[in-house]
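The next block is coords.txt, given as compact mmCIF, C-alpha atoms.
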# COMPACT_ATOMS: atom_id res chain seq x y z
CA MET A 1 -2.91 -31.81 32.37
CA ASN A 2 -2.22 -32.55 28.70
CA THR A 3 -5.98 -33.09 28.31
CA LEU A 4 -6.87 -29.60 29.54
CA ARG A 5 -8.55 -27.38 26.96
CA ILE A 6 -9.99 -23.89 26.97
CA ASN A 7 -13.76 -23.34 26.79
CA ALA A 8 -14.38 -21.76 23.38
CA VAL A 9 -18.03 -20.92 24.10
CA ARG A 10 -17.17 -19.04 27.28
CA LEU A 11 -14.32 -17.26 25.50
CA GLN A 12 -16.60 -16.24 22.63
CA ASN A 13 -19.09 -14.81 25.13
CA ASN A 14 -16.34 -12.77 26.77
CA ILE A 15 -15.17 -11.46 23.38
CA ARG A 16 -18.74 -10.36 22.68
CA ASP A 17 -19.23 -8.75 26.11
CA LEU A 18 -15.95 -6.81 26.12
CA ALA A 19 -16.73 -5.53 22.62
CA LEU A 20 -19.76 -3.66 24.00
CA PHE A 21 -17.45 -1.14 25.68
CA GLY A 22 -16.79 1.66 23.21
CA LEU A 23 -19.03 0.20 20.49
CA ASN A 24 -19.60 2.68 17.68
CA GLU A 25 -23.20 2.01 16.63
CA ALA A 26 -22.73 3.78 13.29
CA THR A 27 -19.70 1.79 12.10
CA GLY A 28 -19.65 -1.34 14.23
CA GLY A 29 -16.10 -0.50 15.28
CA LEU A 30 -14.77 0.19 18.77
CA ASP A 31 -13.78 3.58 20.14
CA ARG A 32 -11.97 2.46 23.28
CA THR A 33 -8.87 4.60 23.23
CA THR A 34 -6.65 4.97 26.26
CA PHE A 35 -8.11 6.39 29.49
CA THR A 36 -11.47 7.30 27.90
CA ALA A 37 -14.74 6.56 29.68
CA ALA A 38 -15.24 3.45 27.53
CA GLU A 39 -11.78 2.12 28.33
CA LEU A 40 -12.17 2.82 32.04
CA SER A 41 -15.46 0.90 32.02
CA ALA A 42 -13.78 -2.01 30.21
CA ARG A 43 -11.11 -2.02 32.90
CA GLU A 44 -13.77 -2.37 35.60
CA TRP A 45 -15.38 -5.24 33.69
CA LEU A 46 -12.03 -7.04 33.53
CA ARG A 47 -11.26 -6.41 37.21
CA ASP A 48 -14.63 -7.86 38.19
CA LYS A 49 -13.92 -10.99 36.15
CA LEU A 50 -10.52 -11.42 37.79
CA LEU A 51 -11.83 -10.81 41.30
CA HIS A 52 -14.54 -13.41 40.67
CA LEU A 53 -11.74 -15.95 40.18
CA GLN A 54 -10.35 -14.87 43.59
CA LEU A 55 -7.10 -13.75 42.03
CA GLN A 56 -5.00 -11.06 43.71
CA VAL A 57 -5.78 -8.02 41.55
CA ARG A 58 -3.81 -4.79 41.62
CA VAL A 59 -3.34 -1.73 39.43
CA ASP A 60 0.25 -0.49 39.30
CA GLU A 61 1.55 3.07 39.04
CA ALA A 62 1.33 2.97 35.22
CA ALA A 63 -2.31 1.75 35.44
CA ASN A 64 -1.41 -1.75 34.24
CA ILE A 65 -3.82 -4.35 35.63
CA TRP A 66 -2.18 -7.41 37.20
CA ALA A 67 -3.91 -10.55 38.53
CA LEU A 68 -1.79 -13.00 40.51
CA ARG A 69 -2.37 -16.71 41.06
CA ASN A 70 0.06 -18.06 43.61
CA GLY A 71 2.39 -20.96 42.94
CA ASN A 72 2.91 -23.86 45.30
CA ALA A 73 6.68 -24.28 45.19
CA GLU A 74 8.45 -24.35 48.54
CA ALA A 75 11.21 -22.24 47.04
CA VAL A 76 9.98 -18.87 45.85
CA LEU A 77 9.94 -18.91 42.04
CA PRO A 78 9.54 -15.93 39.72
CA VAL A 79 6.32 -15.20 37.87
CA ILE A 80 5.19 -16.55 34.50
CA ALA A 81 3.23 -13.61 33.06
CA PHE A 82 0.88 -13.50 30.08
CA GLY A 83 -1.58 -11.03 28.58
CA SER A 84 -1.81 -8.06 26.21
CA HIS A 85 -3.97 -4.88 26.18
CA ILE A 86 -7.65 -3.86 25.94
CA ASP A 87 -7.36 -0.34 24.50
CA THR A 88 -8.15 0.12 20.81
CA VAL A 89 -7.40 2.53 18.01
CA PRO A 90 -10.31 4.82 17.04
CA ASN A 91 -12.98 2.78 15.20
CA GLY A 92 -10.89 -0.35 15.76
CA GLY A 93 -11.72 -4.02 16.06
CA LYS A 94 -12.63 -6.30 18.96
CA TYR A 95 -9.67 -8.69 18.72
CA ASP A 96 -6.50 -6.57 18.57
CA GLY A 97 -4.96 -6.76 22.03
CA ALA A 98 -8.19 -7.72 23.75
CA LEU A 99 -7.95 -11.31 22.53
CA GLY A 100 -4.63 -11.76 24.33
CA VAL A 101 -6.14 -10.53 27.60
CA LEU A 102 -9.30 -12.62 27.21
CA LEU A 103 -7.30 -15.76 26.45
CA ALA A 104 -5.19 -15.09 29.54
CA LEU A 105 -8.44 -14.77 31.52
CA GLU A 106 -9.64 -18.05 30.01
CA VAL A 107 -6.40 -19.82 30.97
CA MET A 108 -6.74 -18.61 34.56
CA THR A 109 -10.38 -19.76 34.60
CA VAL A 110 -9.51 -23.24 33.32
CA LEU A 111 -6.77 -23.64 35.92
CA GLU A 112 -9.09 -22.50 38.71
CA GLU A 113 -12.06 -24.64 37.77
CA ASN A 114 -9.81 -27.71 37.42
CA LYS A 115 -7.94 -26.88 40.64
CA ILE A 116 -4.57 -27.12 38.86
CA ALA A 117 -1.64 -26.13 41.05
CA THR A 118 1.48 -24.66 39.44
CA ARG A 119 5.00 -24.35 40.81
CA HIS A 120 5.41 -20.80 39.57
CA PRO A 121 3.09 -17.94 40.41
CA LEU A 122 1.10 -16.91 37.32
CA GLU A 123 0.20 -13.31 36.49
CA LEU A 124 -2.28 -12.02 33.95
CA VAL A 125 -1.44 -8.53 32.74
CA SER A 126 -3.50 -6.00 30.82
CA PHE A 127 -1.09 -3.27 29.73
CA SER A 128 -2.06 0.39 29.58
CA ALA A 129 -2.08 2.37 26.35
CA GLU A 130 -0.46 -0.05 23.93
CA GLU A 131 -2.00 1.65 20.90
CA PRO A 132 -1.09 5.10 19.56
CA ASN A 133 -3.32 7.39 21.59
CA PRO A 134 -4.31 11.03 22.15
CA PHE A 135 -1.43 11.47 24.61
CA GLY A 136 1.17 10.34 22.05
CA LEU A 137 2.77 7.60 24.19
CA SER A 138 2.14 4.10 22.84
CA THR A 139 3.22 0.82 24.54
CA PHE A 140 2.93 3.00 27.64
CA GLY A 141 2.47 0.30 30.27
CA SER A 142 5.11 -2.13 29.04
CA ARG A 143 7.63 0.68 28.57
CA ALA A 144 6.94 1.79 32.12
CA ILE A 145 7.57 -1.60 33.68
CA SER A 146 10.69 -2.18 31.58
CA GLY A 147 12.16 1.17 32.64
CA LYS A 148 11.94 2.78 29.19
CA LEU A 149 9.46 5.43 30.29
CA SER A 150 10.02 7.64 33.32
CA GLN A 151 8.13 10.21 35.35
CA LYS A 152 9.74 13.09 33.46
CA ASP A 153 8.25 11.76 30.20
CA LEU A 154 4.76 12.45 31.60
CA ALA A 155 5.35 16.07 32.56
CA GLY A 156 3.03 18.48 30.75
CA VAL A 157 1.71 15.88 28.28
CA ARG A 158 -1.87 16.68 27.23
CA ASN A 159 -4.40 15.40 24.70
CA GLU A 160 -6.12 17.66 22.17
CA GLN A 161 -8.81 18.54 24.71
CA GLY A 162 -6.13 19.81 27.09
CA ASP A 163 -6.45 16.96 29.60
CA LEU A 164 -3.20 16.17 31.39
CA LEU A 165 -1.85 12.65 31.07
CA THR A 166 -1.08 12.65 34.79
CA ASP A 167 -4.75 13.32 35.58
CA ALA A 168 -5.92 10.61 33.16
CA LEU A 169 -3.46 8.18 34.72
CA ARG A 170 -4.95 8.84 38.15
CA TRP A 171 -8.48 8.27 36.78
CA ALA A 172 -7.34 4.81 35.65
CA GLY A 173 -5.89 3.97 39.06
CA GLY A 174 -2.25 4.83 38.31
CA ASP A 175 0.09 7.04 40.32
CA PRO A 176 2.15 9.56 38.32
CA ASP A 177 3.87 10.80 41.49
CA HIS A 178 5.47 7.38 42.03
CA PHE A 179 5.43 6.29 38.39
CA GLU A 180 8.80 4.56 38.35
CA GLN A 181 7.71 2.14 41.07
CA ALA A 182 5.80 0.32 38.33
CA ARG A 183 9.11 -1.03 37.04
CA ARG A 184 9.56 -4.80 37.37
CA LYS A 185 12.92 -6.43 38.00
CA PRO A 186 14.17 -9.23 35.73
CA ALA A 187 14.52 -11.47 38.80
CA GLU A 188 10.75 -11.22 39.36
CA LEU A 189 9.86 -12.79 35.99
CA ALA A 190 10.49 -16.28 34.63
CA ALA A 191 8.81 -15.76 31.25
CA PHE A 192 6.21 -13.76 29.35
CA LEU A 193 3.76 -14.91 26.66
CA GLU A 194 1.46 -12.77 24.54
CA VAL A 195 -1.26 -13.87 22.12
CA HIS A 196 -2.27 -11.47 19.35
CA ILE A 197 -4.02 -11.54 16.02
CA GLU A 198 -1.54 -11.58 13.14
CA GLN A 199 -2.93 -8.44 11.43
CA GLY A 200 -1.78 -9.82 8.08
CA LYS A 201 -2.47 -12.71 5.68
CA ARG A 202 0.52 -15.02 6.01
CA LEU A 203 -1.19 -17.59 8.22
CA LEU A 204 -4.50 -17.27 6.40
CA VAL A 205 -3.15 -17.91 2.89
CA ARG A 206 -1.29 -20.99 4.13
CA ASP A 207 -4.33 -22.21 6.13
CA ILE A 208 -2.18 -22.54 9.27
CA PRO A 209 -3.97 -21.89 12.59
CA VAL A 210 -1.01 -21.17 14.88
CA GLY A 211 1.70 -18.58 14.32
CA ILE A 212 4.83 -18.64 16.47
CA VAL A 213 6.61 -15.30 16.39
CA SER A 214 10.38 -15.36 15.87
CA ALA A 215 11.05 -11.62 16.21
CA ILE A 216 9.22 -8.31 16.48
CA THR A 217 9.88 -5.81 13.77
CA GLY A 218 12.15 -2.84 14.18
CA ILE A 219 10.46 0.51 13.54
CA TYR A 220 12.38 3.49 12.21
CA ARG A 221 10.54 6.77 11.70
CA GLU A 222 11.65 10.20 10.48
CA GLU A 223 9.98 13.54 9.90
CA ILE A 224 11.01 14.83 6.48
CA THR A 225 10.67 18.46 5.42
CA VAL A 226 11.16 19.48 1.80
CA VAL A 227 11.59 23.23 1.36
CA GLY A 228 11.20 25.01 -1.98
CA GLU A 229 9.99 28.43 -3.03
CA ALA A 230 6.44 29.76 -3.14
CA ASN A 231 5.48 31.66 -6.28
CA HIS A 232 2.60 32.44 -8.61
CA ALA A 233 1.13 29.30 -10.18
CA GLY A 234 0.40 31.06 -13.48
CA THR A 235 3.35 33.32 -14.11
CA THR A 236 6.24 31.10 -13.00
CA LEU A 237 7.69 29.05 -15.86
CA MET A 238 8.33 25.38 -15.23
CA VAL A 239 12.07 25.87 -15.59
CA ASP A 240 12.03 28.47 -12.81
CA ARG A 241 10.07 26.47 -10.26
CA LYS A 242 11.25 25.07 -6.94
CA ASP A 243 8.09 23.10 -6.24
CA ALA A 244 8.35 21.42 -2.83
CA LEU A 245 5.32 19.19 -3.42
CA MET A 246 6.53 17.78 -6.75
CA GLY A 247 9.97 17.18 -5.26
CA ALA A 248 8.50 15.55 -2.17
CA SER A 249 6.33 13.32 -4.38
CA GLU A 250 9.36 12.13 -6.31
CA ILE A 251 11.23 11.51 -3.06
CA MET A 252 8.30 9.50 -1.70
CA LEU A 253 8.05 7.38 -4.85
CA ALA A 254 11.79 6.73 -4.69
CA PHE A 255 11.30 5.49 -1.13
CA GLU A 256 8.50 3.16 -2.23
CA ALA A 257 10.65 1.79 -5.05
CA VAL A 258 13.52 1.02 -2.66
CA CYS A 259 11.18 -0.82 -0.28
CA ARG A 260 9.49 -2.76 -3.10
CA THR A 261 12.80 -3.98 -4.50
CA HIS A 262 14.29 -5.05 -1.17
CA PRO A 263 14.74 -8.86 -1.21
CA ALA A 264 13.11 -9.39 2.22
CA ASP A 265 9.30 -9.58 2.01
CA GLU A 266 8.89 -8.34 5.59
CA VAL A 267 10.68 -5.07 4.87
CA VAL A 268 7.95 -2.45 4.45
CA GLY A 269 7.87 1.32 4.12
CA THR A 270 5.11 3.84 4.66
CA ILE A 271 4.67 7.56 4.10
CA GLY A 272 2.09 9.21 6.35
CA ARG A 273 0.92 12.46 7.94
CA ILE A 274 1.55 14.73 4.96
CA SER A 275 1.16 18.51 5.12
CA ASN A 276 1.58 20.97 2.24
CA GLU A 277 2.14 24.72 2.58
CA PRO A 278 0.62 27.09 1.68
CA ASN A 279 -1.82 24.55 0.22
CA ALA A 280 -3.56 26.96 -2.15
CA ALA A 281 -4.70 26.34 -5.72
CA ASN A 282 -2.77 29.20 -7.27
CA ILE A 283 0.51 29.07 -5.30
CA ILE A 284 3.47 26.80 -5.97
CA PRO A 285 4.00 24.77 -2.77
CA GLU A 286 6.81 26.10 -0.59
CA LYS A 287 7.08 23.40 2.07
CA VAL A 288 6.00 19.77 2.46
CA ASN A 289 6.30 17.83 5.67
CA PHE A 290 5.75 14.09 5.96
CA HIS A 291 6.56 11.10 8.12
CA LEU A 292 8.58 8.23 6.67
CA GLU A 293 8.66 4.82 8.32
CA VAL A 294 10.64 1.63 7.64
CA ARG A 295 10.04 -1.71 9.36
CA GLY A 296 12.21 -4.79 9.17
CA GLU A 297 13.02 -7.96 11.10
CA ARG A 298 16.71 -6.99 11.27
CA ARG A 299 18.37 -3.63 11.79
CA SER A 300 20.60 -4.26 8.77
CA GLN A 301 17.52 -4.46 6.53
CA ILE A 302 16.27 -1.09 7.76
CA GLN A 303 19.71 0.43 7.24
CA GLU A 304 19.90 -0.90 3.68
CA VAL A 305 16.64 0.85 2.81
CA LEU A 306 17.68 4.11 4.45
CA GLU A 307 21.06 4.22 2.73
CA ALA A 308 19.63 3.51 -0.72
CA TRP A 309 16.78 5.99 -0.30
CA SER A 310 18.97 8.73 1.22
CA GLU A 311 21.20 8.78 -1.83
CA LEU A 312 18.20 9.12 -4.13
CA ALA A 313 16.49 11.76 -1.96
CA ILE A 314 19.57 13.97 -1.87
CA SER A 315 19.97 13.70 -5.63
CA ILE A 316 16.30 14.57 -6.27
CA ALA A 317 16.38 17.56 -3.90
CA GLU A 318 19.60 18.95 -5.40
CA GLY A 319 18.32 18.48 -8.95
CA ARG A 320 15.19 20.50 -8.16
CA GLY A 321 16.91 23.20 -6.09
CA LEU A 322 15.16 22.10 -2.90
CA THR A 323 16.33 21.80 0.70
CA LEU A 324 15.88 18.48 2.50
CA GLU A 325 15.57 18.44 6.31
CA ARG A 326 15.35 15.24 8.37
CA ARG A 327 14.45 14.67 12.02
CA LEU A 328 14.57 11.30 13.77
CA ILE A 329 11.33 10.43 15.58
CA LEU A 330 11.75 6.75 16.47
CA ASP A 331 14.47 4.15 16.15
CA GLN A 332 13.14 1.00 17.82
CA ALA A 333 15.43 -1.95 17.26
CA PRO A 334 14.05 -5.31 16.10
CA GLU A 335 13.56 -7.66 19.04
CA PRO A 336 14.27 -11.39 18.60
CA LEU A 337 12.04 -13.50 20.82
CA ASP A 338 13.29 -16.29 23.04
CA SER A 339 14.37 -19.44 21.21
CA PHE A 340 13.50 -21.70 24.15
CA ILE A 341 9.92 -20.41 24.22
CA ILE A 342 9.66 -20.63 20.43
CA GLU A 343 10.66 -24.31 20.51
CA LEU A 344 8.46 -25.06 23.51
CA CYS A 345 5.37 -23.54 21.86
CA ALA A 346 6.09 -25.49 18.67
CA GLU A 347 6.32 -28.72 20.68
CA GLN A 348 3.02 -28.05 22.44
CA ALA A 349 1.28 -27.31 19.15
CA GLN A 350 2.69 -30.49 17.62
CA GLU A 351 1.42 -32.58 20.54
CA LEU A 352 -2.00 -31.01 20.05
CA GLY A 353 -1.88 -31.82 16.34
CA TYR A 354 -1.92 -28.18 15.15
CA PRO A 355 0.19 -26.99 12.19
CA THR A 356 2.39 -23.98 12.94
CA LEU A 357 4.34 -21.33 11.07
CA GLN A 358 7.26 -19.34 12.43
CA LEU A 359 7.04 -15.73 11.29
CA GLY A 360 8.18 -12.28 12.24
CA SER A 361 5.75 -9.76 13.67
CA MET A 362 5.44 -6.78 11.35
CA ALA A 363 3.77 -4.68 14.07
CA GLY A 364 5.09 -3.57 17.43
CA HIS A 365 3.76 -5.18 20.62
CA ASP A 366 4.20 -5.07 24.39
CA ALA A 367 6.28 -8.25 24.09
CA THR A 368 9.00 -6.08 22.51
CA HIS A 369 9.61 -4.41 25.86
CA MET A 370 8.97 -7.50 27.96
CA ALA A 371 11.79 -9.21 26.05
CA SER A 372 14.22 -6.80 27.72
CA LEU A 373 13.12 -8.14 31.12
CA THR A 374 12.64 -11.87 30.61
CA LYS A 375 12.21 -14.75 28.17
CA ALA A 376 9.40 -13.57 25.92
CA GLY A 377 7.30 -15.26 23.27
CA MET A 378 4.27 -14.54 21.10
CA LEU A 379 1.57 -16.60 19.42
CA PHE A 380 -0.46 -15.33 16.46
CA VAL A 381 -4.05 -16.10 15.47
CA PRO A 382 -4.92 -15.80 11.73
CA SER A 383 -6.73 -12.61 10.71
CA LEU A 384 -9.51 -12.97 8.15
CA GLY A 385 -8.67 -10.86 5.12
CA GLY A 386 -5.56 -9.68 6.96
CA LYS A 387 -7.73 -6.89 8.37
CA SER A 388 -6.97 -5.06 11.61
CA HIS A 389 -7.47 -1.61 13.16
CA CYS A 390 -10.90 -1.50 11.53
CA PRO A 391 -14.45 -2.69 12.28
CA GLU A 392 -14.01 -5.63 9.85
CA GLU A 393 -11.27 -7.16 12.02
CA GLU A 394 -12.18 -10.82 12.52
CA SER A 395 -10.66 -14.16 13.52
CA ARG A 396 -12.30 -17.61 13.44
CA ILE A 397 -13.17 -19.06 16.83
CA GLU A 398 -11.74 -22.40 15.64
CA ASP A 399 -8.31 -20.79 15.18
CA ILE A 400 -8.60 -18.83 18.43
CA GLU A 401 -9.42 -22.05 20.30
CA LYS A 402 -6.34 -23.80 18.91
CA VAL A 403 -4.01 -20.94 19.82
CA GLY A 404 -5.65 -20.73 23.25
CA ASN A 405 -4.91 -24.41 23.84
CA VAL A 406 -1.29 -23.89 22.79
CA LEU A 407 -1.08 -20.97 25.23
CA LEU A 408 -2.53 -23.06 28.06
CA GLN A 409 -0.24 -26.02 27.46
CA SER A 410 2.81 -23.79 26.93
CA ILE A 411 2.26 -22.09 30.30
CA LEU A 412 2.00 -25.47 31.99
CA ALA A 413 5.13 -26.69 30.18
CA LEU A 414 7.05 -23.55 31.15
CA ASP A 415 5.98 -24.11 34.75
CA GLN A 416 7.47 -27.61 34.68
CA GLN A 417 10.60 -26.90 32.68
CA LEU A 418 11.79 -23.60 34.12
CA ASN A 419 13.69 -23.96 37.37
CA ARG A 420 13.84 -20.30 38.24

Output the file's structure in the form of structure tokens.
Amino acid sequence: MNTLRINAVRLQNNIRDLALFGLNEATGGLDRTTFTAAELSAREWLRDKLLHLQLQVRVDEAANIWALRNGNAEAVLPVIAFGSHIDTVPNGGKYDGALGVLLALEVMTVLEENKIATRHPLELVSFSAEEPNPFGLSTFGSRAISGKLSQKDLAGVRNEQGDLLTDALRWAGGDPDHFEQARRKPAELAAFLEVHIEQGKRLLVRDIPVGIVSAITGIYREEITVVGEANHAGTTLMVDRKDALMGASEIMLAFEAVCRTHPADEVVGTIGRISNEPNAANIIPEKVNFHLEVRGERRSQIQEVLEAWSELAISIAEGRGLTLERRLILDQAPEPLDSFIIELCAEQAQELGYPTLQLGSMAGHDATHMASLTKAGMLFVPSLGGKSHCPEEESRIEDIEKVGNVLLQSILALDQQLNR
């Protein structure tokens, strides 16, 4: 079995075919957001592929797609699962998420065509709604199966067109009335592996084809509101102004400075979704609202940034006579991945002759939530130019093939080495 390899030509054809669903002819990007017509069609394409392999295909209550290949052990062993997601961001790329599902499909195909029996049952999974989406619930499917999302979280949720999430879930084959039955028990799973593009340049600049993820970043997000005083832009002297926009700008720049000077390279901060009121040319801004986000491999790193920035923000607001309001939106802890799987993947890559790099994931993934259920690991494929979430997203088939072979051999090694 050490000689088994994936079929790169077949994989490349599947990448091309799946990328036709949601193709934006004007930009070359993909518009395959959650539960849209394009995404539902892509789901059918995937189901047909899985049924062709005579796998046991089901759609759970959260509309996750599962495809089971039975194991041959006399004692019932838990499942080794692997996969990712096929939904995209608006005008996204053809690799983010989809590559992990297509490589899982390729692994299943190789095992079937070579009639390889495994001790453990194997399950491909394509998770629902991993990306931020019109319904505002990302990593939807993996949060559902890990018990972090419940039926009450779906109640009354609509997109901008007024469509109910519960209706969209039914269109995709889910069941909002029995949503919590999608939850998997830790005893059902032996391990989980996910392949994803890196979405950065660390592998590319080092010319290393295989990334082995050590931990998934923590994400902390707040809504910040800076309140000043509206007044006439011409008649109000500078000394008398309580300009919310100028104060907010200084607070934002202070945040950037704190993130830039943090000693850990993988600590990053972003300001997004800014609104300014009343947003008129001749009125001093009264209120500015923005989202602030910090990501780090350890919670302590995130806390260091927040503490340093908070002190500066309070000082800036007080000095300008402004009010600072803060509301927590998200506090997702960093998630270390399983050391046994990390070492096993490194060993398989070494036997294949592929250089590897251990690195933290600076984006969130479904593996974050799977890690609360079972041993979880991730493999990264280099991203050309570090580009992702855009039409220019690209990875070399040579790198994809190497990571696919590591995935294949790692699943076979897990099957042999795990005794539960």

Mind dumping a table of every segment 313-374 of chain A residue within 12 Å of segment 239-255 of chain A, with the nearest atom pair and its distance in Å to one decimal, using only C-alpha atoms, sorted by chain and rising number, as a tab-separated table?
residue	atom	partner	partner_atom	distance
A:Ala313	CA	A:Ile251	CA	5.4
A:Ile314	CA	A:Ile251	CA	8.8
A:Ser315	CA	A:Ile251	CA	9.4
A:Ile316	CA	A:Ile251	CA	6.7
A:Ala317	CA	A:Gly247	CA	6.6
A:Glu318	CA	A:Gly247	CA	9.8
A:Gly319	CA	A:Gly247	CA	9.2
A:Arg320	CA	A:Lys242	CA	6.2
A:Gly321	CA	A:Lys242	CA	6.0
A:Leu322	CA	A:Lys242	CA	6.4
A:Thr323	CA	A:Ala244	CA	8.7
A:Leu324	CA	A:Ala248	CA	9.2
A:Glu325	CA	A:Ala248	CA	11.4

Keeping C-alpha atoms, export the residues of the selection given above as an mmCIF file, in the coordinates of the input.
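Once everything was written out, this is part-v2.cif:
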data_model
loop_
_atom_site.group_PDB
_atom_site.id
_atom_site.type_symbol
_atom_site.label_atom_id
_atom_site.label_comp_id
_atom_site.auth_asym_id
_atom_site.auth_seq_id
_atom_site.Cartn_x
_atom_site.Cartn_y
_atom_site.Cartn_z
ATOM 1 C CA ALA A 313 16.490 11.760 -1.960
ATOM 2 C CA ILE A 314 19.570 13.970 -1.870
ATOM 3 C CA SER A 315 19.970 13.700 -5.630
ATOM 4 C CA ILE A 316 16.300 14.570 -6.270
ATOM 5 C CA ALA A 317 16.380 17.560 -3.900
ATOM 6 C CA GLU A 318 19.600 18.950 -5.400
ATOM 7 C CA GLY A 319 18.320 18.480 -8.950
ATOM 8 C CA ARG A 320 15.190 20.500 -8.160
ATOM 9 C CA GLY A 321 16.910 23.200 -6.090
ATOM 10 C CA LEU A 322 15.160 22.100 -2.900
ATOM 11 C CA THR A 323 16.330 21.800 0.700
ATOM 12 C CA LEU A 324 15.880 18.480 2.500
ATOM 13 C CA GLU A 325 15.570 18.440 6.310
#

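The closest residue to Val157 of chain A, picked from A:Thr368, A:Asn70, A:Thr3, A:Asn133 and counting all atoms listed in the file, is A:Asn133.
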
Inset, instruction - Please measure the separation of atom CA of Ala42 of chain A and atom CA of Leu124 of chain A, giving the value in Å to one decimal. - result: 15.7 Å

Inset, instruction - Please provide as a PyMOL selection string all residues within 12 Å of segment 174-184 of chain A, with the sequence filter that same-chain residues fewer than 3 positions apart are discarded (counting all atoms listed in the file). - result: chain A and resi 35+40+58-66+78-79+81+127-128+140-157+164-171+187-190+369-370+372-374

Selection export as a PDB file, in the frame of the given file, atoms kept: C-alpha atoms:
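Result went into selection.pdb, see below:
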ATOM      1  CA  PHE A  35      -8.110   6.390  29.490  1.00  0.00           C
ATOM      2  CA  LEU A  40     -12.170   2.820  32.040  1.00  0.00           C
ATOM      3  CA  ARG A  58      -3.810  -4.790  41.620  1.00  0.00           C
ATOM      4  CA  VAL A  59      -3.340  -1.730  39.430  1.00  0.00           C
ATOM      5  CA  ASP A  60       0.250  -0.490  39.300  1.00  0.00           C
ATOM      6  CA  GLU A  61       1.550   3.070  39.040  1.00  0.00           C
ATOM      7  CA  ALA A  62       1.330   2.970  35.220  1.00  0.00           C
ATOM      8  CA  ALA A  63      -2.310   1.750  35.440  1.00  0.00           C
ATOM      9  CA  ASN A  64      -1.410  -1.750  34.240  1.00  0.00           C
ATOM     10  CA  ILE A  65      -3.820  -4.350  35.630  1.00  0.00           C
ATOM     11  CA  TRP A  66      -2.180  -7.410  37.200  1.00  0.00           C
ATOM     12  CA  PRO A  78       9.540 -15.930  39.720  1.00  0.00           C
ATOM     13  CA  VAL A  79       6.320 -15.200  37.870  1.00  0.00           C
ATOM     14  CA  ALA A  81       3.230 -13.610  33.060  1.00  0.00           C
ATOM     15  CA  PHE A 127      -1.090  -3.270  29.730  1.00  0.00           C
ATOM     16  CA  SER A 128      -2.060   0.390  29.580  1.00  0.00           C
ATOM     17  CA  PHE A 140       2.930   3.000  27.640  1.00  0.00           C
ATOM     18  CA  GLY A 141       2.470   0.300  30.270  1.00  0.00           C
ATOM     19  CA  SER A 142       5.110  -2.130  29.040  1.00  0.00           C
ATOM     20  CA  ARG A 143       7.630   0.680  28.570  1.00  0.00           C
ATOM     21  CA  ALA A 144       6.940   1.790  32.120  1.00  0.00           C
ATOM     22  CA  ILE A 145       7.570  -1.600  33.680  1.00  0.00           C
ATOM     23  CA  SER A 146      10.690  -2.180  31.580  1.00  0.00           C
ATOM     24  CA  GLY A 147      12.160   1.170  32.640  1.00  0.00           C
ATOM     25  CA  LYS A 148      11.940   2.780  29.190  1.00  0.00           C
ATOM     26  CA  LEU A 149       9.460   5.430  30.290  1.00  0.00           C
ATOM     27  CA  SER A 150      10.020   7.640  33.320  1.00  0.00           C
ATOM     28  CA  GLN A 151       8.130  10.210  35.350  1.00  0.00           C
ATOM     29  CA  LYS A 152       9.740  13.090  33.460  1.00  0.00           C
ATOM     30  CA  ASP A 153       8.250  11.760  30.200  1.00  0.00           C
ATOM     31  CA  LEU A 154       4.760  12.450  31.600  1.00  0.00           C
ATOM     32  CA  ALA A 155       5.350  16.070  32.560  1.00  0.00           C
ATOM     33  CA  GLY A 156       3.030  18.480  30.750  1.00  0.00           C
ATOM     34  CA  VAL A 157       1.710  15.880  28.280  1.00  0.00           C
ATOM     35  CA  LEU A 164      -3.200  16.170  31.390  1.00  0.00           C
ATOM     36  CA  LEU A 165      -1.850  12.650  31.070  1.00  0.00           C
ATOM     37  CA  THR A 166      -1.080  12.650  34.790  1.00  0.00           C
ATOM     38  CA  ASP A 167      -4.750  13.320  35.580  1.00  0.00           C
ATOM     39  CA  ALA A 168      -5.920  10.610  33.160  1.00  0.00           C
ATOM     40  CA  LEU A 169      -3.460   8.180  34.720  1.00  0.00           C
ATOM     41  CA  ARG A 170      -4.950   8.840  38.150  1.00  0.00           C
ATOM     42  CA  TRP A 171      -8.480   8.270  36.780  1.00  0.00           C
ATOM     43  CA  ALA A 187      14.520 -11.470  38.800  1.00  0.00           C
ATOM     44  CA  GLU A 188      10.750 -11.220  39.360  1.00  0.00           C
ATOM     45  CA  LEU A 189       9.860 -12.790  35.990  1.00  0.00           C
ATOM     46  CA  ALA A 190      10.490 -16.280  34.630  1.00  0.00           C
ATOM     47  CA  HIS A 369       9.610  -4.410  25.860  1.00  0.00           C
ATOM     48  CA  MET A 370       8.970  -7.500  27.960  1.00  0.00           C
ATOM     49  CA  SER A 372      14.220  -6.800  27.720  1.00  0.00           C
ATOM     50  CA  LEU A 373      13.120  -8.140  31.120  1.00  0.00           C
ATOM     51  CA  THR A 374      12.640 -11.870  30.610  1.00  0.00           C
TER      52      THR A 374
END

Inset, instruction - Counting all atoms listed in the file, select every polymer residue within 12 Å of (-9.8, -22.6, 39.0) as defined in the file's coordinates, and provide the selection as a PyMOL selection string. - result: chain A and resi 50+52-55+69-70+105-118

Where does segment 172-286 of chain A meet segment 83-99 of chain A within 7 Å, residue by residue, with the nearest atom pair and distance in Å to one decimal for each, counting all atoms listed in the file, listed by chain and rising number, as CSV?
residue,atom,partner,partner_atom,distance
A:Leu193,CA,A:Gly83,CA,6.9
A:Glu194,CA,A:Gly83,CA,5.3
A:His196,CA,A:Gly97,CA,6.1
A:Ile197,CA,A:Asp96,CA,6.1
